[in-house]
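**Q** Dropping in run-v8.pdb, with PDB, N, CA, C and O atoms.
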```pdb
ATOM      1  N   MET A   1      -0.186  17.395  -0.743
ATOM      2  CA  MET A   1      -1.434  16.953  -0.157
ATOM      3  C   MET A   1      -1.332  15.455   0.156
ATOM      4  O   MET A   1      -0.801  14.698  -0.643
ATOM      5  N   ASP A   2      -1.846  15.047   1.291
ATOM      6  CA  ASP A   2      -1.755  13.647   1.679
ATOM      7  C   ASP A   2      -2.999  12.861   1.236
ATOM      8  O   ASP A   2      -3.975  13.425   0.752
ATOM      9  N   PHE A   3      -2.929  11.553   1.409
ATOM     10  CA  PHE A   3      -4.004  10.674   0.947
ATOM     11  C   PHE A   3      -5.344  11.017   1.581
ATOM     12  O   PHE A   3      -6.360  11.120   0.885
ATOM     13  N   LYS A   4      -5.372  11.191   2.894
ATOM     14  CA  LYS A   4      -6.651  11.421   3.575
ATOM     15  C   LYS A   4      -7.357  12.675   3.058
ATOM     16  O   LYS A   4      -8.563  12.686   2.842
ATOM     17  N   THR A   5      -6.583  13.723   2.816
ATOM     18  CA  THR A   5      -7.147  14.971   2.305
ATOM     19  C   THR A   5      -7.613  14.808   0.869
ATOM     20  O   THR A   5      -8.698  15.263   0.490
ATOM     21  N   ARG A   6      -6.792  14.144   0.069
ATOM     22  CA  ARG A   6      -7.143  13.945  -1.343
ATOM     23  C   ARG A   6      -8.403  13.107  -1.469
ATOM     24  O   ARG A   6      -9.282  13.415  -2.264
ATOM     25  N   LEU A   7      -8.524  12.042  -0.672
ATOM     26  CA  LEU A   7      -9.700  11.185  -0.733
ATOM     27  C   LEU A   7     -10.963  11.971  -0.386
ATOM     28  O   LEU A   7     -11.968  11.900  -1.106
ATOM     29  N   LYS A   8     -10.898  12.723   0.683
ATOM     30  CA  LYS A   8     -12.056  13.507   1.101
ATOM     31  C   LYS A   8     -12.437  14.529   0.031
ATOM     32  O   LYS A   8     -13.617  14.719  -0.283
ATOM     33  N   GLU A   9     -11.430  15.160  -0.548
ATOM     34  CA  GLU A   9     -11.660  16.151  -1.599
ATOM     35  C   GLU A   9     -12.332  15.521  -2.823
ATOM     36  O   GLU A   9     -13.300  16.054  -3.360
ATOM     37  N   LEU A  10     -11.814  14.386  -3.258
ATOM     38  CA  LEU A  10     -12.386  13.694  -4.420
ATOM     39  C   LEU A  10     -13.818  13.256  -4.138
ATOM     40  O   LEU A  10     -14.697  13.389  -4.995
ATOM     41  N   ARG A  11     -14.055  12.746  -2.947
ATOM     42  CA  ARG A  11     -15.399  12.298  -2.577
ATOM     43  C   ARG A  11     -16.381  13.465  -2.598
ATOM     44  O   ARG A  11     -17.474  13.364  -3.159
ATOM     45  N   LYS A  12     -15.968  14.583  -2.035
ATOM     46  CA  LYS A  12     -16.853  15.749  -1.971
ATOM     47  C   LYS A  12     -17.086  16.367  -3.344
ATOM     48  O   LYS A  12     -18.159  16.889  -3.614
ATOM     49  N   GLU A  13     -16.092  16.294  -4.229
ATOM     50  CA  GLU A  13     -16.267  16.813  -5.594
ATOM     51  C   GLU A  13     -17.408  16.104  -6.308
ATOM     52  O   GLU A  13     -18.072  16.694  -7.161
ATOM     53  N   LEU A  14     -17.621  14.837  -5.967
ATOM     54  CA  LEU A  14     -18.699  14.060  -6.581
ATOM     55  C   LEU A  14     -19.971  14.067  -5.730
ATOM     56  O   LEU A  14     -20.919  13.334  -6.026
ATOM     57  N   ASN A  15     -19.965  14.889  -4.681
ATOM     58  CA  ASN A  15     -21.120  14.983  -3.778
ATOM     59  C   ASN A  15     -21.522  13.631  -3.197
ATOM     60  O   ASN A  15     -22.705  13.295  -3.123
ATOM     61  N   LEU A  16     -20.520  12.858  -2.809
ATOM     62  CA  LEU A  16     -20.763  11.544  -2.223
ATOM     63  C   LEU A  16     -20.620  11.606  -0.708
ATOM     64  O   LEU A  16     -19.757  12.306  -0.192
ATOM     65  N   THR A  17     -21.449  10.849  -0.022
ATOM     66  CA  THR A  17     -21.254  10.672   1.411
ATOM     67  C   THR A  17     -20.262   9.528   1.603
ATOM     68  O   THR A  17     -20.006   8.746   0.677
ATOM     69  N   GLN A  18     -19.743   9.417   2.804
ATOM     70  CA  GLN A  18     -18.869   8.287   3.107
ATOM     71  C   GLN A  18     -19.632   6.979   2.936
ATOM     72  O   GLN A  18     -19.069   5.986   2.474
ATOM     73  N   GLU A  19     -20.904   6.982   3.276
ATOM     74  CA  GLU A  19     -21.733   5.781   3.172
ATOM     75  C   GLU A  19     -21.899   5.333   1.723
ATOM     76  O   GLU A  19     -21.803   4.142   1.422
ATOM     77  N   ILE A  20     -22.141   6.288   0.836
ATOM     78  CA  ILE A  20     -22.305   5.937  -0.582
ATOM     79  C   ILE A  20     -20.999   5.398  -1.151
ATOM     80  O   ILE A  20     -20.986   4.385  -1.850
ATOM     81  N   LEU A  21     -19.892   6.082  -0.850
ATOM     82  CA  LEU A  21     -18.597   5.612  -1.346
ATOM     83  C   LEU A  21     -18.303   4.215  -0.814
ATOM     84  O   LEU A  21     -17.877   3.331  -1.564
ATOM     85  N   ALA A  22     -18.548   4.007   0.458
ATOM     86  CA  ALA A  22     -18.301   2.701   1.067
ATOM     87  C   ALA A  22     -19.131   1.612   0.381
ATOM     88  O   ALA A  22     -18.616   0.528   0.065
ATOM     89  N   LYS A  23     -20.395   1.908   0.139
ATOM     90  CA  LYS A  23     -21.267   0.929  -0.524
ATOM     91  C   LYS A  23     -20.754   0.614  -1.923
ATOM     92  O   LYS A  23     -20.699  -0.545  -2.321
ATOM     93  N   ASP A  24     -20.360   1.654  -2.662
ATOM     94  CA  ASP A  24     -19.844   1.454  -4.022
ATOM     95  C   ASP A  24     -18.562   0.622  -4.041
ATOM     96  O   ASP A  24     -18.301  -0.104  -4.994
ATOM     97  N   LEU A  25     -17.771   0.741  -2.975
ATOM     98  CA  LEU A  25     -16.501   0.008  -2.895
ATOM     99  C   LEU A  25     -16.629  -1.311  -2.136
ATOM    100  O   LEU A  25     -15.653  -2.050  -2.005
ATOM    101  N   ASN A  26     -17.822  -1.560  -1.611
ATOM    102  CA  ASN A  26     -18.081  -2.780  -0.856
ATOM    103  C   ASN A  26     -17.224  -2.879   0.415
ATOM    104  O   ASN A  26     -16.629  -3.920   0.701
ATOM    105  N   VAL A  27     -17.146  -1.754   1.131
ATOM    106  CA  VAL A  27     -16.459  -1.716   2.427
ATOM    107  C   VAL A  27     -17.390  -1.042   3.433
ATOM    108  O   VAL A  27     -18.395  -0.435   3.063
ATOM    109  N   LEU A  28     -17.051  -1.135   4.699
ATOM    110  CA  LEU A  28     -17.836  -0.459   5.733
ATOM    111  C   LEU A  28     -17.585   1.047   5.672
ATOM    112  O   LEU A  28     -16.464   1.486   5.364
ATOM    113  N   SER A  29     -18.611   1.823   5.982
ATOM    114  CA  SER A  29     -18.430   3.277   5.979
ATOM    115  C   SER A  29     -17.409   3.713   7.024
ATOM    116  O   SER A  29     -16.732   4.718   6.846
ATOM    117  N   SER A  30     -17.264   2.935   8.084
ATOM    118  CA  SER A  30     -16.250   3.254   9.098
ATOM    119  C   SER A  30     -14.838   3.167   8.518
ATOM    120  O   SER A  30     -13.931   3.874   8.950
ATOM    121  N   LYS A  31     -14.661   2.320   7.515
ATOM    122  CA  LYS A  31     -13.355   2.197   6.849
ATOM    123  C   LYS A  31     -13.038   3.489   6.103
ATOM    124  O   LYS A  31     -11.922   4.013   6.200
ATOM    125  N   VAL A  32     -13.993   4.015   5.369
ATOM    126  CA  VAL A  32     -13.803   5.280   4.640
ATOM    127  C   VAL A  32     -13.525   6.399   5.639
ATOM    128  O   VAL A  32     -12.618   7.212   5.446
ATOM    129  N   SER A  33     -14.269   6.413   6.719
ATOM    130  CA  SER A  33     -14.060   7.413   7.766
ATOM    131  C   SER A  33     -12.641   7.323   8.333
ATOM    132  O   SER A  33     -11.961   8.341   8.501
ATOM    133  N   ASP A  34     -12.202   6.113   8.617
ATOM    134  CA  ASP A  34     -10.841   5.919   9.142
ATOM    135  C   ASP A  34      -9.794   6.432   8.160
ATOM    136  O   ASP A  34      -8.834   7.082   8.551
ATOM    137  N   TRP A  35      -9.966   6.146   6.872
ATOM    138  CA  TRP A  35      -9.009   6.609   5.864
ATOM    139  C   TRP A  35      -8.963   8.126   5.841
ATOM    140  O   TRP A  35      -7.882   8.715   5.781
ATOM    141  N   GLU A  36     -10.126   8.758   5.900
ATOM    142  CA  GLU A  36     -10.170  10.224   5.836
ATOM    143  C   GLU A  36      -9.644  10.888   7.108
ATOM    144  O   GLU A  36      -9.248  12.043   7.075
ATOM    145  N   LYS A  37      -9.631  10.164   8.192
ATOM    146  CA  LYS A  37      -9.098  10.697   9.449
ATOM    147  C   LYS A  37      -7.642  10.304   9.664
ATOM    148  O   LYS A  37      -7.034  10.661  10.664
ATOM    149  N   GLY A  38      -7.084   9.562   8.722
ATOM    150  CA  GLY A  38      -5.687   9.157   8.831
ATOM    151  C   GLY A  38      -5.450   8.025   9.808
ATOM    152  O   GLY A  38      -4.338   7.808  10.265
ATOM    153  N   ARG A  39      -6.498   7.280  10.129
ATOM    154  CA  ARG A  39      -6.373   6.164  11.072
ATOM    155  C   ARG A  39      -6.117   4.839  10.375
ATOM    156  O   ARG A  39      -6.280   3.787  10.970
ATOM    157  N   GLY A  40      -5.719   4.906   9.174
ATOM    158  CA  GLY A  40      -5.441   3.701   8.406
ATOM    159  C   GLY A  40      -5.351   4.062   6.943
ATOM    160  O   GLY A  40      -5.714   5.180   6.546
ATOM    161  N   ARG A  41      -4.843   3.133   6.180
ATOM    162  CA  ARG A  41      -4.723   3.343   4.739
ATOM    163  C   ARG A  41      -5.186   2.089   4.017
ATOM    164  O   ARG A  41      -5.017   0.983   4.528
ATOM    165  N   PRO A  42      -5.739   2.268   2.843
ATOM    166  CA  PRO A  42      -6.180   1.099   2.079
ATOM    167  C   PRO A  42      -4.985   0.304   1.550
ATOM    168  O   PRO A  42      -3.907   0.857   1.341
ATOM    169  N   ASP A  43      -5.206  -0.993   1.325
ATOM    170  CA  ASP A  43      -4.151  -1.809   0.729
ATOM    171  C   ASP A  43      -4.060  -1.485  -0.765
ATOM    172  O   ASP A  43      -4.871  -0.726  -1.303
ATOM    173  N   ILE A  44      -3.103  -2.077  -1.427
ATOM    174  CA  ILE A  44      -2.842  -1.749  -2.829
ATOM    175  C   ILE A  44      -4.028  -2.090  -3.726
ATOM    176  O   ILE A  44      -4.339  -1.352  -4.670
ATOM    177  N   GLU A  45      -4.730  -3.169  -3.433
ATOM    178  CA  GLU A  45      -5.894  -3.533  -4.245
ATOM    179  C   GLU A  45      -6.998  -2.485  -4.113
ATOM    180  O   GLU A  45      -7.647  -2.128  -5.097
ATOM    181  N   MET A  46      -7.190  -1.984  -2.902
ATOM    182  CA  MET A  46      -8.208  -0.949  -2.704
ATOM    183  C   MET A  46      -7.760   0.366  -3.335
ATOM    184  O   MET A  46      -8.575   1.115  -3.863
ATOM    185  N   LEU A  47      -6.451   0.655  -3.302
ATOM    186  CA  LEU A  47      -5.951   1.852  -3.987
ATOM    187  C   LEU A  47      -6.255   1.774  -5.478
ATOM    188  O   LEU A  47      -6.627   2.771  -6.089
ATOM    189  N   LYS A  48      -6.120   0.587  -6.048
ATOM    190  CA  LYS A  48      -6.454   0.409  -7.462
ATOM    191  C   LYS A  48      -7.933   0.690  -7.700
ATOM    192  O   LYS A  48      -8.300   1.367  -8.664
ATOM    193  N   GLN A  49      -8.781   0.166  -6.815
ATOM    194  CA  GLN A  49     -10.221   0.397  -6.943
ATOM    195  C   GLN A  49     -10.558   1.878  -6.818
ATOM    196  O   GLN A  49     -11.357   2.415  -7.583
ATOM    197  N   LEU A  50      -9.961   2.537  -5.832
ATOM    198  CA  LEU A  50     -10.196   3.970  -5.635
ATOM    199  C   LEU A  50      -9.727   4.771  -6.842
ATOM    200  O   LEU A  50     -10.396   5.705  -7.286
ATOM    201  N   SER A  51      -8.573   4.391  -7.370
ATOM    202  CA  SER A  51      -8.020   5.056  -8.543
ATOM    203  C   SER A  51      -8.982   4.944  -9.730
ATOM    204  O   SER A  51      -9.271   5.933 -10.409
ATOM    205  N   ASP A  52      -9.490   3.755  -9.955
ATOM    206  CA  ASP A  52     -10.454   3.538 -11.039
ATOM    207  C   ASP A  52     -11.754   4.286 -10.770
ATOM    208  O   ASP A  52     -12.330   4.894 -11.672
ATOM    209  N   TYR A  53     -12.214   4.226  -9.550
ATOM    210  CA  TYR A  53     -13.481   4.850  -9.166
ATOM    211  C   TYR A  53     -13.461   6.353  -9.433
ATOM    212  O   TYR A  53     -14.396   6.899  -9.998
ATOM    213  N   PHE A  54     -12.374   7.003  -9.007
ATOM    214  CA  PHE A  54     -12.282   8.455  -9.173
ATOM    215  C   PHE A  54     -11.614   8.870 -10.487
ATOM    216  O   PHE A  54     -11.489  10.060 -10.768
ATOM    217  N   MET A  55     -11.166   7.893 -11.252
ATOM    218  CA  MET A  55     -10.498   8.131 -12.538
ATOM    219  C   MET A  55      -9.274   9.038 -12.379
ATOM    220  O   MET A  55      -9.108  10.039 -13.100
ATOM    221  N   VAL A  56      -8.445   8.685 -11.407
ATOM    222  CA  VAL A  56      -7.183   9.381 -11.167
ATOM    223  C   VAL A  56      -6.091   8.333 -10.998
ATOM    224  O   VAL A  56      -6.381   7.164 -10.755
ATOM    225  N   SER A  57      -4.844   8.751 -11.122
ATOM    226  CA  SER A  57      -3.746   7.808 -10.923
ATOM    227  C   SER A  57      -3.574   7.526  -9.434
ATOM    228  O   SER A  57      -3.979   8.325  -8.575
ATOM    229  N   ILE A  58      -2.965   6.411  -9.134
ATOM    230  CA  ILE A  58      -2.652   6.097  -7.735
ATOM    231  C   ILE A  58      -1.687   7.138  -7.190
ATOM    232  O   ILE A  58      -1.812   7.565  -6.043
ATOM    233  N   ASP A  59      -0.747   7.579  -8.009
ATOM    234  CA  ASP A  59       0.183   8.632  -7.576
ATOM    235  C   ASP A  59      -0.571   9.864  -7.110
ATOM    236  O   ASP A  59      -0.288  10.421  -6.056
ATOM    237  N   PHE A  60      -1.539  10.297  -7.890
ATOM    238  CA  PHE A  60      -2.334  11.462  -7.519
ATOM    239  C   PHE A  60      -3.106  11.185  -6.238
ATOM    240  O   PHE A  60      -3.142  12.011  -5.326
ATOM    241  N   LEU A  61      -3.697  10.004  -6.149
ATOM    242  CA  LEU A  61      -4.504   9.632  -4.995
ATOM    243  C   LEU A  61      -3.703   9.665  -3.700
ATOM    244  O   LEU A  61      -4.195  10.116  -2.672
ATOM    245  N   VAL A  62      -2.461   9.228  -3.754
ATOM    246  CA  VAL A  62      -1.643   9.198  -2.529
ATOM    247  C   VAL A  62      -0.927  10.518  -2.273
ATOM    248  O   VAL A  62      -0.153  10.628  -1.332
ATOM    249  N   GLY A  63      -1.185  11.506  -3.110
ATOM    250  CA  GLY A  63      -0.691  12.843  -2.821
ATOM    251  C   GLY A  63       0.532  13.295  -3.574
ATOM    252  O   GLY A  63       1.048  14.373  -3.316
ATOM    253  N   ARG A  64       0.995  12.500  -4.514
ATOM    254  CA  ARG A  64       2.151  12.928  -5.292
ATOM    255  C   ARG A  64       1.744  14.044  -6.236
ATOM    256  O   ARG A  64       0.685  14.014  -6.837
ATOM    257  N   GLU A  65       2.621  15.013  -6.368
ATOM    258  CA  GLU A  65       2.360  16.135  -7.276
ATOM    259  C   GLU A  65       2.797  15.812  -8.694
ATOM    260  O   GLU A  65       2.269  16.339  -9.643
ATOM    261  N   TYR A  66       3.780  14.948  -8.835
ATOM    262  CA  TYR A  66       4.313  14.601 -10.146
ATOM    263  C   TYR A  66       4.214  13.101 -10.339
ATOM    264  O   TYR A  66       4.317  12.335  -9.399
ATOM    265  N   THR A  67       4.049  12.677 -11.580
ATOM    266  CA  THR A  67       3.932  11.246 -11.833
ATOM    267  C   THR A  67       5.285  10.558 -11.899
ATOM    268  O   THR A  67       5.371   9.363 -11.766
ATOM    269  N   VAL A  68       6.356  11.302 -12.116
ATOM    270  CA  VAL A  68       7.699  10.729 -12.123
ATOM    271  C   VAL A  68       8.483  11.366 -10.982
ATOM    272  O   VAL A  68       8.586  12.586 -10.892
ATOM    273  N   CYS A  69       9.018  10.535 -10.108
ATOM    274  CA  CYS A  69       9.743  11.084  -8.965
ATOM    275  C   CYS A  69      11.114  11.621  -9.399
ATOM    276  O   CYS A  69      11.711  11.144 -10.367
ATOM    277  N   GLU A  70      11.581  12.604  -8.698
ATOM    278  CA  GLU A  70      12.868  13.223  -9.025
ATOM    279  C   GLU A  70      14.023  12.230  -8.898
ATOM    280  O   GLU A  70      14.939  12.224  -9.695
ATOM    281  N   ASN A  71      13.979  11.365  -7.885
ATOM    282  CA  ASN A  71      15.042  10.358  -7.718
ATOM    283  C   ASN A  71      15.085   9.395  -8.895
ATOM    284  O   ASN A  71      16.151   8.932  -9.274
ATOM    285  N   CYS A  72      13.938   9.081  -9.460
ATOM    286  CA  CYS A  72      13.891   8.181 -10.611
ATOM    287  C   CYS A  72      14.575   8.803 -11.814
ATOM    288  O   CYS A  72      15.284   8.126 -12.554
ATOM    289  N   LYS A  73      14.384  10.095 -12.017
ATOM    290  CA  LYS A  73      15.018  10.792 -13.142
ATOM    291  C   LYS A  73      16.535  10.746 -13.007
ATOM    292  O   LYS A  73      17.233  10.621 -13.991
ATOM    293  N   LYS A  74      17.044  10.842 -11.793
ATOM    294  CA  LYS A  74      18.495  10.865 -11.576
ATOM    295  C   LYS A  74      19.130   9.529 -11.920
ATOM    296  O   LYS A  74      20.283   9.469 -12.288
ATOM    297  N   ARG A  75      18.375   8.449 -11.785
ATOM    298  CA  ARG A  75      18.918   7.120 -12.067
ATOM    299  C   ARG A  75      19.009   6.833 -13.557
ATOM    300  O   ARG A  75      19.717   5.957 -13.981
ATOM    301  N   ILE A  76      18.213   7.555 -14.348
ATOM    302  CA  ILE A  76      18.163   7.274 -15.798
ATOM    303  C   ILE A  76      19.390   7.833 -16.495
ATOM    304  O   ILE A  76      19.926   8.823 -16.200
TER     305      ILE A  76
END
```
As structure tokens, please, write out the structure in this file.
**A**
Amino acid sequence: MDFKTRLKELRKELNLTQEILAKDLNVLSSKVSDWEKGRGRPDIEMLKQLSDYFMVSIDFLVGREYTVCENCKKRI
């Protein structure tokens, strides 16, 4: 699952509109809309805020299925 889909899913699970989420994050609602449509991505600071807001890891938020990547395991 990609970021735009995950964000929309998390927002809807909490019954939030794009406007409410935007207000809570102190961004324009058009920014949330753009993220959900794949027309842009938040910077790392906003990813941290989103992660805290939804109480999920950044890895989960950006669509990773596992918290440890397979390539990382091979290096150990």
**Q** So how far away is CA of Glu65 in chain A from atom O of Asn26 in chain A, in Å?
**A** 28.7 Å
**Q** Calculate how many Å separate CA of Gly40 in chain A from CA of Leu21 in chain A, rounding to one decimal.
**A**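 Calculated distance between CA of Gly40 in chain A and CA of Leu21 in chain A is 16.5 Å.
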**Q** How big is the axis-aligned box around the listed atoms of range 51-65 of chain A once 5 Å is added on each side, and where is its centre? Give both in Å to one decimal, as AutoDock Vina command-line options.
**A**
```
--center_x -5.8 --center_y 9.9 --center_z -7.2 --size_x 27.2 --size_y 22.8 --size_z 21.8
```
**Q** Could you list, as a list of chain:residue names, every residue matched by the PyMOL selection byres (((chain A and resi 46 and name CA) around 12) and name CA) in this structure?
**A** A:Ala22, A:Asp24, A:Leu25, A:Asn26, A:Val27, A:Lys31, A:Val32, A:Trp35, A:Arg41, A:Pro42, A:Asp43, A:Ile44, A:Glu45, A:Leu47, A:Lys48, A:Gln49, A:Leu50, A:Ser51, A:Asp52, A:Tyr53, A:Ile58, A:Leu61
**Q** Would you export the selected residues with N, CA, C and O atoms as a compact mmCIF listing (two decimals), in the coordinates of the input, please?
**A**
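As written to disk, result10.txt reads:
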```txt
# COMPACT_ATOMS: atom_id res chain seq x y z
N ALA A 22 -18.55 4.01 0.46
CA ALA A 22 -18.30 2.70 1.07
C ALA A 22 -19.13 1.61 0.38
O ALA A 22 -18.62 0.53 0.06
N ASP A 24 -20.36 1.65 -2.66
CA ASP A 24 -19.84 1.45 -4.02
C ASP A 24 -18.56 0.62 -4.04
O ASP A 24 -18.30 -0.10 -4.99
N LEU A 25 -17.77 0.74 -2.98
CA LEU A 25 -16.50 0.01 -2.90
C LEU A 25 -16.63 -1.31 -2.14
O LEU A 25 -15.65 -2.05 -2.00
N ASN A 26 -17.82 -1.56 -1.61
CA ASN A 26 -18.08 -2.78 -0.86
C ASN A 26 -17.22 -2.88 0.42
O ASN A 26 -16.63 -3.92 0.70
N VAL A 27 -17.15 -1.75 1.13
CA VAL A 27 -16.46 -1.72 2.43
C VAL A 27 -17.39 -1.04 3.43
O VAL A 27 -18.40 -0.44 3.06
N LYS A 31 -14.66 2.32 7.52
CA LYS A 31 -13.36 2.20 6.85
C LYS A 31 -13.04 3.49 6.10
O LYS A 31 -11.92 4.01 6.20
N VAL A 32 -13.99 4.01 5.37
CA VAL A 32 -13.80 5.28 4.64
C VAL A 32 -13.52 6.40 5.64
O VAL A 32 -12.62 7.21 5.45
N TRP A 35 -9.97 6.15 6.87
CA TRP A 35 -9.01 6.61 5.86
C TRP A 35 -8.96 8.13 5.84
O TRP A 35 -7.88 8.72 5.78
N ARG A 41 -4.84 3.13 6.18
CA ARG A 41 -4.72 3.34 4.74
C ARG A 41 -5.19 2.09 4.02
O ARG A 41 -5.02 0.98 4.53
N PRO A 42 -5.74 2.27 2.84
CA PRO A 42 -6.18 1.10 2.08
C PRO A 42 -4.99 0.30 1.55
O PRO A 42 -3.91 0.86 1.34
N ASP A 43 -5.21 -0.99 1.32
CA ASP A 43 -4.15 -1.81 0.73
C ASP A 43 -4.06 -1.48 -0.76
O ASP A 43 -4.87 -0.73 -1.30
N ILE A 44 -3.10 -2.08 -1.43
CA ILE A 44 -2.84 -1.75 -2.83
C ILE A 44 -4.03 -2.09 -3.73
O ILE A 44 -4.34 -1.35 -4.67
N GLU A 45 -4.73 -3.17 -3.43
CA GLU A 45 -5.89 -3.53 -4.24
C GLU A 45 -7.00 -2.48 -4.11
O GLU A 45 -7.65 -2.13 -5.10
N LEU A 47 -6.45 0.66 -3.30
CA LEU A 47 -5.95 1.85 -3.99
C LEU A 47 -6.26 1.77 -5.48
O LEU A 47 -6.63 2.77 -6.09
N LYS A 48 -6.12 0.59 -6.05
CA LYS A 48 -6.45 0.41 -7.46
C LYS A 48 -7.93 0.69 -7.70
O LYS A 48 -8.30 1.37 -8.66
N GLN A 49 -8.78 0.17 -6.82
CA GLN A 49 -10.22 0.40 -6.94
C GLN A 49 -10.56 1.88 -6.82
O GLN A 49 -11.36 2.42 -7.58
N LEU A 50 -9.96 2.54 -5.83
CA LEU A 50 -10.20 3.97 -5.64
C LEU A 50 -9.73 4.77 -6.84
O LEU A 50 -10.40 5.70 -7.29
N SER A 51 -8.57 4.39 -7.37
CA SER A 51 -8.02 5.06 -8.54
C SER A 51 -8.98 4.94 -9.73
O SER A 51 -9.27 5.93 -10.41
N ASP A 52 -9.49 3.76 -9.96
CA ASP A 52 -10.45 3.54 -11.04
C ASP A 52 -11.75 4.29 -10.77
O ASP A 52 -12.33 4.89 -11.67
N TYR A 53 -12.21 4.23 -9.55
CA TYR A 53 -13.48 4.85 -9.17
C TYR A 53 -13.46 6.35 -9.43
O TYR A 53 -14.40 6.90 -10.00
N ILE A 58 -2.96 6.41 -9.13
CA ILE A 58 -2.65 6.10 -7.74
C ILE A 58 -1.69 7.14 -7.19
O ILE A 58 -1.81 7.56 -6.04
N LEU A 61 -3.70 10.00 -6.15
CA LEU A 61 -4.50 9.63 -5.00
C LEU A 61 -3.70 9.66 -3.70
O LEU A 61 -4.20 10.12 -2.67
```
**Q** Using only N, CA, C and O atoms, which protein or nucleic acid residues come within 8 Å of Thr5 in chain A? Drop anything in the same chain fewer than 6 positions from it, and give the result as a list in words.
**A**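 Result of the neighbour search: Arg11, Lys12, Trp35, Glu36, Lys37, Gly38 and Leu61 of chain A.
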**Q** Write the residues of the selection above to a file with N, CA, C and O atoms, as an mmCIF file, keeping the file's coordinate frame.
**A**
```
data_model
loop_
_atom_site.group_PDB
_atom_site.id
_atom_site.type_symbol
_atom_site.label_atom_id
_atom_site.label_comp_id
_atom_site.auth_asym_id
_atom_site.auth_seq_id
_atom_site.Cartn_x
_atom_site.Cartn_y
_atom_site.Cartn_z
ATOM 1 N N ARG A 11 -14.055 12.746 -2.947
ATOM 2 C CA ARG A 11 -15.399 12.298 -2.577
ATOM 3 C C ARG A 11 -16.381 13.465 -2.598
ATOM 4 O O ARG A 11 -17.474 13.364 -3.159
ATOM 5 N N LYS A 12 -15.968 14.583 -2.035
ATOM 6 C CA LYS A 12 -16.853 15.749 -1.971
ATOM 7 C C LYS A 12 -17.086 16.367 -3.344
ATOM 8 O O LYS A 12 -18.159 16.889 -3.614
ATOM 9 N N TRP A 35 -9.966 6.146 6.872
ATOM 10 C CA TRP A 35 -9.009 6.609 5.864
ATOM 11 C C TRP A 35 -8.963 8.126 5.841
ATOM 12 O O TRP A 35 -7.882 8.715 5.781
ATOM 13 N N GLU A 36 -10.126 8.758 5.900
ATOM 14 C CA GLU A 36 -10.170 10.224 5.836
ATOM 15 C C GLU A 36 -9.644 10.888 7.108
ATOM 16 O O GLU A 36 -9.248 12.043 7.075
ATOM 17 N N LYS A 37 -9.631 10.164 8.192
ATOM 18 C CA LYS A 37 -9.098 10.697 9.449
ATOM 19 C C LYS A 37 -7.642 10.304 9.664
ATOM 20 O O LYS A 37 -7.034 10.661 10.664
ATOM 21 N N GLY A 38 -7.084 9.562 8.722
ATOM 22 C CA GLY A 38 -5.687 9.157 8.831
ATOM 23 C C GLY A 38 -5.450 8.025 9.808
ATOM 24 O O GLY A 38 -4.338 7.808 10.265
ATOM 25 N N LEU A 61 -3.697 10.004 -6.149
ATOM 26 C CA LEU A 61 -4.504 9.632 -4.995
ATOM 27 C C LEU A 61 -3.703 9.665 -3.700
ATOM 28 O O LEU A 61 -4.195 10.116 -2.672
#
```
**Q** What is the CA of Leu14 in chain A to CA of Met55 in chain A distance in Å?
**A**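 CA of Met55 in chain A lies at a distance of 11.7 Å from CA of Leu14 in chain A.
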**Q** Calculated over all atoms listed in the file, which of the candidates A:Ser33, A:Asp2, A:Gly63, A:Leu7 has the smallest distance to Glu19 in chain A?
**A**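 The closest residue to Glu19 in chain A is A:Ser33.
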**Q** Pull the alpha helix (DSSP H) assignments for range 5-37 of chain A out of DSSP run on the backbone, and list those residues as a list in words.
**A** Thr5, Arg6, Leu7, Lys8, Glu9, Leu10, Arg11, Lys12, Glu13, Gln18, Glu19, Ile20, Leu21, Ala22, Lys23, Asp24, Leu25, Ser29, Ser30, Lys31, Val32, Ser33, Asp34, Trp35 and Glu36 of chain A
**Q** Between A:Arg64, A:Asn15, A:Lys4, A:Val56, single out the one closest to Arg39 in chain A, counting only C-alpha atoms.
**A**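 Among the listed residues, the smallest separation from Arg39 in chain A belongs to A:Lys4.
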